[in-house]
Amino acid sequence: FTAEVSYFVHFDHHQSGVASALMQGALDRCNQLKIKNLFAILLETNAASIALLKKFGFEQWAYLPEIAEIDDKKVSQVYYGRKIEV
């Protein structure tokens, strides 16, 4: 009863409501699919996705410090989650 949500919106469509529509669509289907927990895994530096998740009531559930390396820079990963009301 737990699922991961993942999305990618092309840069040309940022700030157009696409990501919000995708997230709302995922949340709308949770009851039908009997999903009680929804979570996302992302890099700590992804401020836009973190803002989107918070907008939809997600909270940080986990923090994995410096577990990835991008362009020779260590980056942390975060898990954001939300309990779904049935």
# chains A, B, ... in the order shown; residues from 1 in each chain; ligands from 1
>>> select_by_dssp(residues="stretch 24-83 of chain A", states="helix (DSSP H, G or I)", output="VMD selection string")
chain A and resid 24 to 29 47 to 55
>>> residues_around(residues="A:Thr2", least_positions_apart="5", cutoff="7 Å", atoms="only C-alpha atoms", output="PDB file with N, CA and C atoms, in the first residue's frame")
ATOM      1  N   ILE A  35      -3.611   2.911  -2.317  1.00  0.00           N
ATOM      2  CA  ILE A  35      -2.312   3.417  -1.873  1.00  0.00           C
ATOM      3  C   ILE A  35      -2.540   4.298  -0.650  1.00  0.00           C
ATOM      4  N   LYS A  36      -1.820   3.982   0.432  1.00  0.00           N
ATOM      5  CA  LYS A  36      -1.968   4.716   1.684  1.00  0.00           C
ATOM      6  C   LYS A  36      -0.788   5.627   1.974  1.00  0.00           C
ATOM      7  N   ASN A  37       0.320   5.409   1.274  1.00  0.00           N
ATOM      8  CA  ASN A  37       1.523   6.222   1.445  1.00  0.00           C
ATOM      9  C   ASN A  37       2.116   6.482   0.074  1.00  0.00           C
ATOM     10  N   LEU A  38       2.442   7.733  -0.185  1.00  0.00           N
ATOM     11  CA  LEU A  38       3.073   8.096  -1.452  1.00  0.00           C
ATOM     12  C   LEU A  38       4.366   8.820  -1.120  1.00  0.00           C
TER      13      LEU A  38
END
>>> closest_residue(among="A:Gln24, A:Thr45, A:Gln60, A:Ser6", to="A:Gly81", atoms="only C-alpha atoms")
A:Gln60
>>> closest_residue(among="A:Asp12, A:Val18, A:Glu44, A:Gln32", to="A:Val75", atoms="only C-alpha atoms")
A:Glu44
>>> closest_residue(among="A:Ser20, A:Phe39, A:Lys83, A:Ser49", to="A:Ala62", atoms="only C-alpha atoms")
A:Phe39
>>> select_by_dssp(residues="chain A", states="strand (DSSP E)", output="PyMOL selection string")
chain A and resi 2-4+37-43+59-70+73-83
>>> write_last_selection(atoms="N, CA, C and O atoms", output="compact mmCIF listing (two decimals), in the first residue's frame")
# COMPACT_ATOMS: atom_id res chain seq x y z
N THR A 2 2.07 1.15 -0.43
CA THR A 2 2.98 2.29 -0.54
C THR A 2 3.52 2.34 -1.96
O THR A 2 3.86 1.32 -2.55
N ALA A 3 3.60 3.55 -2.51
CA ALA A 3 4.09 3.72 -3.89
C ALA A 3 4.99 4.95 -3.98
O ALA A 3 4.85 5.90 -3.21
N GLU A 4 5.90 4.89 -4.93
CA GLU A 4 6.77 6.03 -5.23
C GLU A 4 6.17 6.81 -6.38
O GLU A 4 5.70 6.22 -7.36
N ASN A 37 0.32 5.41 1.27
CA ASN A 37 1.52 6.22 1.44
C ASN A 37 2.12 6.48 0.07
O ASN A 37 2.31 5.55 -0.71
N LEU A 38 2.44 7.73 -0.18
CA LEU A 38 3.07 8.10 -1.45
C LEU A 38 4.37 8.82 -1.12
O LEU A 38 4.40 9.68 -0.22
N PHE A 39 5.46 8.44 -1.79
CA PHE A 39 6.73 9.11 -1.50
C PHE A 39 7.50 9.38 -2.78
O PHE A 39 7.24 8.79 -3.83
N ALA A 40 8.46 10.31 -2.66
CA ALA A 40 9.33 10.68 -3.79
C ALA A 40 10.77 10.71 -3.29
O ALA A 40 11.04 11.08 -2.15
N ILE A 41 11.68 10.32 -4.16
CA ILE A 41 13.11 10.34 -3.86
C ILE A 41 13.75 11.36 -4.80
O ILE A 41 13.57 11.27 -6.02
N LEU A 42 14.48 12.31 -4.25
CA LEU A 42 15.08 13.32 -5.10
C LEU A 42 16.36 13.86 -4.48
O LEU A 42 16.67 13.61 -3.32
N LEU A 43 17.11 14.59 -5.29
CA LEU A 43 18.32 15.21 -4.79
C LEU A 43 17.96 16.44 -3.97
O LEU A 43 17.01 17.18 -4.30
N GLU A 59 6.00 15.79 3.31
CA GLU A 59 6.99 16.19 4.31
C GLU A 59 8.25 15.37 4.12
O GLU A 59 8.19 14.25 3.61
N GLN A 60 9.37 15.92 4.57
CA GLN A 60 10.61 15.16 4.46
C GLN A 60 10.57 13.99 5.44
O GLN A 60 10.37 14.18 6.63
N TRP A 61 10.77 12.79 4.90
CA TRP A 61 10.76 11.58 5.71
C TRP A 61 12.17 11.03 5.94
O TRP A 61 12.40 10.29 6.90
N ALA A 62 13.10 11.35 5.06
CA ALA A 62 14.45 10.80 5.22
C ALA A 62 15.47 11.72 4.55
O ALA A 62 15.15 12.46 3.62
N TYR A 63 16.69 11.63 5.04
CA TYR A 63 17.81 12.42 4.51
C TYR A 63 19.03 11.51 4.44
O TYR A 63 19.42 10.92 5.46
N LEU A 64 19.58 11.35 3.26
CA LEU A 64 20.76 10.51 3.07
C LEU A 64 21.91 11.42 2.64
O LEU A 64 21.99 11.85 1.49
N PRO A 65 22.80 11.75 3.56
CA PRO A 65 23.83 12.75 3.28
C PRO A 65 24.91 12.27 2.31
O PRO A 65 25.44 11.17 2.44
N GLU A 66 25.15 13.10 1.32
CA GLU A 66 26.26 12.93 0.36
C GLU A 66 26.40 11.51 -0.17
O GLU A 66 27.48 10.93 -0.16
N ILE A 67 25.32 10.93 -0.66
CA ILE A 67 25.39 9.56 -1.16
C ILE A 67 25.52 9.47 -2.68
O ILE A 67 25.61 8.38 -3.23
N ALA A 68 25.52 10.62 -3.34
CA ALA A 68 25.68 10.64 -4.79
C ALA A 68 26.75 11.67 -5.16
O ALA A 68 27.09 12.54 -4.35
N GLU A 69 27.25 11.51 -6.37
CA GLU A 69 28.24 12.47 -6.86
C GLU A 69 27.85 12.89 -8.26
O GLU A 69 27.67 12.06 -9.15
N ILE A 70 27.68 14.19 -8.44
CA ILE A 70 27.31 14.75 -9.74
C ILE A 70 28.29 15.86 -10.05
O ILE A 70 28.48 16.79 -9.26
N LYS A 73 30.82 16.68 -7.46
CA LYS A 73 30.34 17.29 -6.22
C LYS A 73 29.42 16.29 -5.51
O LYS A 73 28.54 15.71 -6.12
N LYS A 74 29.66 16.09 -4.22
CA LYS A 74 28.82 15.20 -3.44
C LYS A 74 27.48 15.87 -3.18
O LYS A 74 27.43 17.05 -2.83
N VAL A 75 26.41 15.10 -3.38
CA VAL A 75 25.07 15.63 -3.14
C VAL A 75 24.30 14.65 -2.27
O VAL A 75 24.55 13.44 -2.28
N SER A 76 23.34 15.19 -1.55
CA SER A 76 22.51 14.39 -0.66
C SER A 76 21.19 14.07 -1.33
O SER A 76 20.75 14.76 -2.25
N GLN A 77 20.57 13.04 -0.85
CA GLN A 77 19.28 12.60 -1.37
C GLN A 77 18.25 12.74 -0.25
O GLN A 77 18.56 12.52 0.93
N VAL A 78 17.03 13.13 -0.62
CA VAL A 78 15.96 13.26 0.36
C VAL A 78 14.75 12.45 -0.08
O VAL A 78 14.53 12.25 -1.28
N TYR A 79 14.02 11.98 0.89
CA TYR A 79 12.75 11.29 0.66
C TYR A 79 11.64 12.19 1.21
O TYR A 79 11.72 12.62 2.36
N TYR A 80 10.66 12.47 0.38
CA TYR A 80 9.48 13.21 0.83
C TYR A 80 8.29 12.27 0.74
O TYR A 80 8.16 11.53 -0.23
N GLY A 81 7.43 12.30 1.74
CA GLY A 81 6.30 11.41 1.74
C GLY A 81 5.04 12.07 2.24
O GLY A 81 5.07 13.15 2.85
N ARG A 82 3.95 11.39 1.98
CA ARG A 82 2.63 11.87 2.41
C ARG A 82 1.73 10.66 2.68
O ARG A 82 1.68 9.73 1.87
N LYS A 83 1.06 10.69 3.81
CA LYS A 83 0.03 9.69 4.12
C LYS A 83 -1.22 10.08 3.34
O LYS A 83 -1.58 11.26 3.28
>>> closest_residue(among="A:Lys34, A:Asn46, A:Ala51, A:Phe58", to="A:Val5", atoms="only C-alpha atoms")
A:Phe58
>>> closest_residue(among="A:Leu52, A:Ala47, A:Gly57, A:Ala21", to="A:Ile84", atoms="only C-alpha atoms")
A:Gly57
>>> atom_distance(atom1="atom CA of A:Glu85", atom2="atom CA of A:Gln15")
28.0 Å
>>> atom_distance(atom1="atom CA of A:Leu33", atom2="atom CA of A:His13")
28.4 Å
>>> atom_distance(atom1="atom CA of A:Leu53", atom2="atom CA of A:Asp71")
25.6 Å
